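Below is one structure, written out as structure tokens; the observations come after it.
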Amino acid sequence: MSALPQPTFRFPTEGVPEALHRAEAELPFVEFEPGVQMQVIQVDIPTGLWVVRMRMEPGATLSTHKHAGEVYAFTLSGSWRYLEYDAVNRAGSYLYEPAGSTHTLHVPASNTEITDVWFAIRGPNLNLDAEGKVTLVLDAGLVLKVYLSRCRKLGLPVPPVIGAERA
């Protein structure tokens, strides 16, 4: 049996926190809305960062929303698009959204598998009605609150969301 490779350099780590790891099973998926399961991975309420993974069934559509900050997305499986644009996000694709973008996320009903997407979002989502009026402000704090509440209602232990201990 061969020895593990050794790092090229050794850096002092005094005062530097250890890297944080979460296994998929430590953070349950809970229903966010019909046809959409959400896993909250990390929140940083002071900076407005929230990192979530969403699994969406074919035909699922999220509310039209406007992003106050930037969004980064990576599609793990399936496909999805914004109703307002032609581009389709497929497994392996990356998407960057600038602050101020407004759209309606939709998973085609023709998909044959669950669409699985990782999102890092900075700032709130402003959910909009048909007239463009804000109906809900969804930010890191509210996402965490909803997630923990749904886990509790399912009788699950408190998930170790990174940053939740500071919330």
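Residues in the structure tokens are numbered from 1 in each chain, the chains being A, B, ... in the order shown, and ligands are numbered from 1 in the order shown.
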
Determine, counting only C-alpha atoms, which protein, DNA and RNA residues have an atom within 8 Å of an atom of Tyr96 of chain A; residues of the same chain fewer than 4 positions away are not included. Present the result as a count of residues only.
-> 4

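Using only C-alpha atoms, the contacts of Gly92 of chain A at a cut-off of 12 Å, with sequence neighbours closer than 4 positions omitted, comprise Ala73, Phe74, Thr75, Leu76, Ser77, Gly78, Ser79, Val88, Thr115, Asp116, Val117 and Trp118 of chain A.
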
For the selection just defined, write its residues with C-alpha atoms to a file, as a PDB file, in the first residue's frame.
ATOM      1  CA  ALA A  73     -25.690  28.595 -10.522  1.00  0.00           C
ATOM      2  CA  PHE A  74     -24.386  25.180 -11.550  1.00  0.00           C
ATOM      3  CA  THR A  75     -26.734  22.562 -12.989  1.00  0.00           C
ATOM      4  CA  LEU A  76     -26.037  19.018 -11.800  1.00  0.00           C
ATOM      5  CA  SER A  77     -28.812  17.205 -13.671  1.00  0.00           C
ATOM      6  CA  GLY A  78     -31.858  17.883 -15.804  1.00  0.00           C
ATOM      7  CA  SER A  79     -32.538  21.177 -17.543  1.00  0.00           C
ATOM      8  CA  VAL A  88     -31.483  26.412 -21.569  1.00  0.00           C
ATOM      9  CA  THR A 115     -33.465  18.953 -12.286  1.00  0.00           C
ATOM     10  CA  ASP A 116     -30.796  19.496  -9.625  1.00  0.00           C
ATOM     11  CA  VAL A 117     -29.186  22.960  -9.350  1.00  0.00           C
ATOM     12  CA  TRP A 118     -26.749  24.566  -6.891  1.00  0.00           C
TER      13      TRP A 118
END

DSSP strand (DSSP E or B) selection over segment 14-71 of chain A, as a compact mmCIF listing (two decimals) with N, CA, C and O atoms, in the first residue's frame:
# COMPACT_ATOMS: atom_id res chain seq x y z
N VAL A 30 -36.05 19.56 1.82
CA VAL A 30 -37.41 19.76 2.29
C VAL A 30 -38.20 20.48 1.19
O VAL A 30 -37.62 21.17 0.35
N GLU A 31 -39.51 20.32 1.22
CA GLU A 31 -40.33 20.98 0.21
C GLU A 31 -40.29 22.49 0.40
O GLU A 31 -40.55 23.00 1.48
N PHE A 32 -39.92 23.19 -0.66
CA PHE A 32 -39.89 24.65 -0.67
C PHE A 32 -41.22 25.17 -1.19
O PHE A 32 -41.81 26.08 -0.65
N GLU A 33 -41.65 24.58 -2.27
CA GLU A 33 -42.99 24.79 -2.81
C GLU A 33 -43.31 23.55 -3.63
O GLU A 33 -42.43 22.72 -3.84
N VAL A 36 -40.77 21.37 -5.75
CA VAL A 36 -39.42 21.93 -5.53
C VAL A 36 -38.94 21.56 -4.13
O VAL A 36 -39.56 21.94 -3.14
N GLN A 37 -37.85 20.82 -4.07
CA GLN A 37 -37.20 20.47 -2.81
C GLN A 37 -35.95 21.34 -2.66
O GLN A 37 -35.25 21.58 -3.64
N MET A 38 -35.69 21.81 -1.44
CA MET A 38 -34.56 22.69 -1.20
C MET A 38 -33.70 22.17 -0.06
O MET A 38 -34.20 21.67 0.94
N GLN A 39 -32.40 22.34 -0.23
CA GLN A 39 -31.41 22.02 0.79
C GLN A 39 -30.63 23.32 1.02
O GLN A 39 -30.05 23.87 0.08
N VAL A 40 -30.62 23.82 2.25
CA VAL A 40 -29.86 25.03 2.56
C VAL A 40 -28.49 24.59 3.05
O VAL A 40 -28.39 23.86 4.03
N ILE A 41 -27.45 25.03 2.36
CA ILE A 41 -26.09 24.59 2.65
C ILE A 41 -25.36 25.60 3.53
O ILE A 41 -24.67 25.23 4.47
N GLN A 42 -25.51 26.89 3.20
CA GLN A 42 -24.78 27.93 3.93
C GLN A 42 -25.56 29.23 3.91
O GLN A 42 -26.22 29.55 2.91
N VAL A 43 -25.47 29.97 5.00
CA VAL A 43 -26.01 31.33 5.05
C VAL A 43 -24.98 32.23 5.72
O VAL A 43 -24.26 31.79 6.62
N ASP A 44 -24.93 33.45 5.27
CA ASP A 44 -24.13 34.49 5.92
C ASP A 44 -25.01 35.73 5.94
O ASP A 44 -25.04 36.50 4.98
N LEU A 49 -25.40 36.37 1.91
CA LEU A 49 -25.14 35.18 1.09
C LEU A 49 -26.02 34.03 1.54
O LEU A 49 -26.17 33.77 2.73
N TRP A 50 -26.62 33.33 0.57
CA TRP A 50 -27.29 32.07 0.85
C TRP A 50 -26.98 31.10 -0.27
O TRP A 50 -27.02 31.43 -1.44
N VAL A 51 -26.58 29.89 0.12
CA VAL A 51 -26.22 28.84 -0.82
C VAL A 51 -27.23 27.72 -0.64
O VAL A 51 -27.39 27.19 0.46
N VAL A 52 -27.92 27.39 -1.72
CA VAL A 52 -28.95 26.36 -1.68
C VAL A 52 -28.78 25.41 -2.86
O VAL A 52 -28.19 25.75 -3.88
N ARG A 53 -29.32 24.24 -2.67
CA ARG A 53 -29.42 23.27 -3.76
C ARG A 53 -30.90 22.98 -3.92
O ARG A 53 -31.60 22.76 -2.94
N MET A 54 -31.36 23.01 -5.16
CA MET A 54 -32.78 22.79 -5.41
C MET A 54 -32.94 21.62 -6.37
O MET A 54 -32.23 21.52 -7.37
N ARG A 55 -33.89 20.75 -6.02
CA ARG A 55 -34.27 19.64 -6.89
C ARG A 55 -35.70 19.91 -7.33
O ARG A 55 -36.60 20.04 -6.49
N MET A 56 -35.88 20.02 -8.64
CA MET A 56 -37.18 20.42 -9.17
C MET A 56 -37.73 19.36 -10.12
O MET A 56 -37.01 18.85 -10.97
N THR A 61 -42.37 25.50 -11.76
CA THR A 61 -42.11 26.89 -12.10
C THR A 61 -42.06 27.68 -10.80
O THR A 61 -42.96 27.58 -9.97
N HIS A 65 -39.21 36.63 -10.08
CA HIS A 65 -38.48 37.34 -9.03
C HIS A 65 -37.35 38.19 -9.61
O HIS A 65 -36.88 37.95 -10.71
N LYS A 66 -36.97 39.18 -8.82
CA LYS A 66 -35.86 40.06 -9.17
C LYS A 66 -34.77 39.87 -8.13
O LYS A 66 -35.05 39.81 -6.93
N HIS A 67 -33.54 39.77 -8.60
CA HIS A 67 -32.40 39.60 -7.70
C HIS A 67 -31.78 40.95 -7.37
O HIS A 67 -31.41 41.70 -8.26
N VAL A 71 -26.08 36.20 -8.67
CA VAL A 71 -26.41 34.79 -8.48
C VAL A 71 -25.44 33.96 -9.33
O VAL A 71 -25.13 34.31 -10.47

Point-to-point distance in Å for atom CA of Arg150 of chain A and atom CA of Leu27 of chain A = 12.2 Å

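The interatomic distance for the pair atom CA of Ser93 of chain A and atom CA of Leu105 of chain A works out to 15.3 Å.
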
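In this structure, atom CA of Pro108 of chain A sits 17.6 Å away from atom CA of Leu95 of chain A.
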
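Counting only C-alpha atoms and comparing A:Thr8, A:Pro46, A:Glu97, A:Pro160, the residue that lies closest to Glu26 of chain A is A:Pro160.
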
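With only C-alpha atoms as the basis for measurement, A:Tyr94 is the residue among A:Tyr94, A:Leu148, A:Tyr82, A:Ile45 that approaches Phe119 of chain A most closely.
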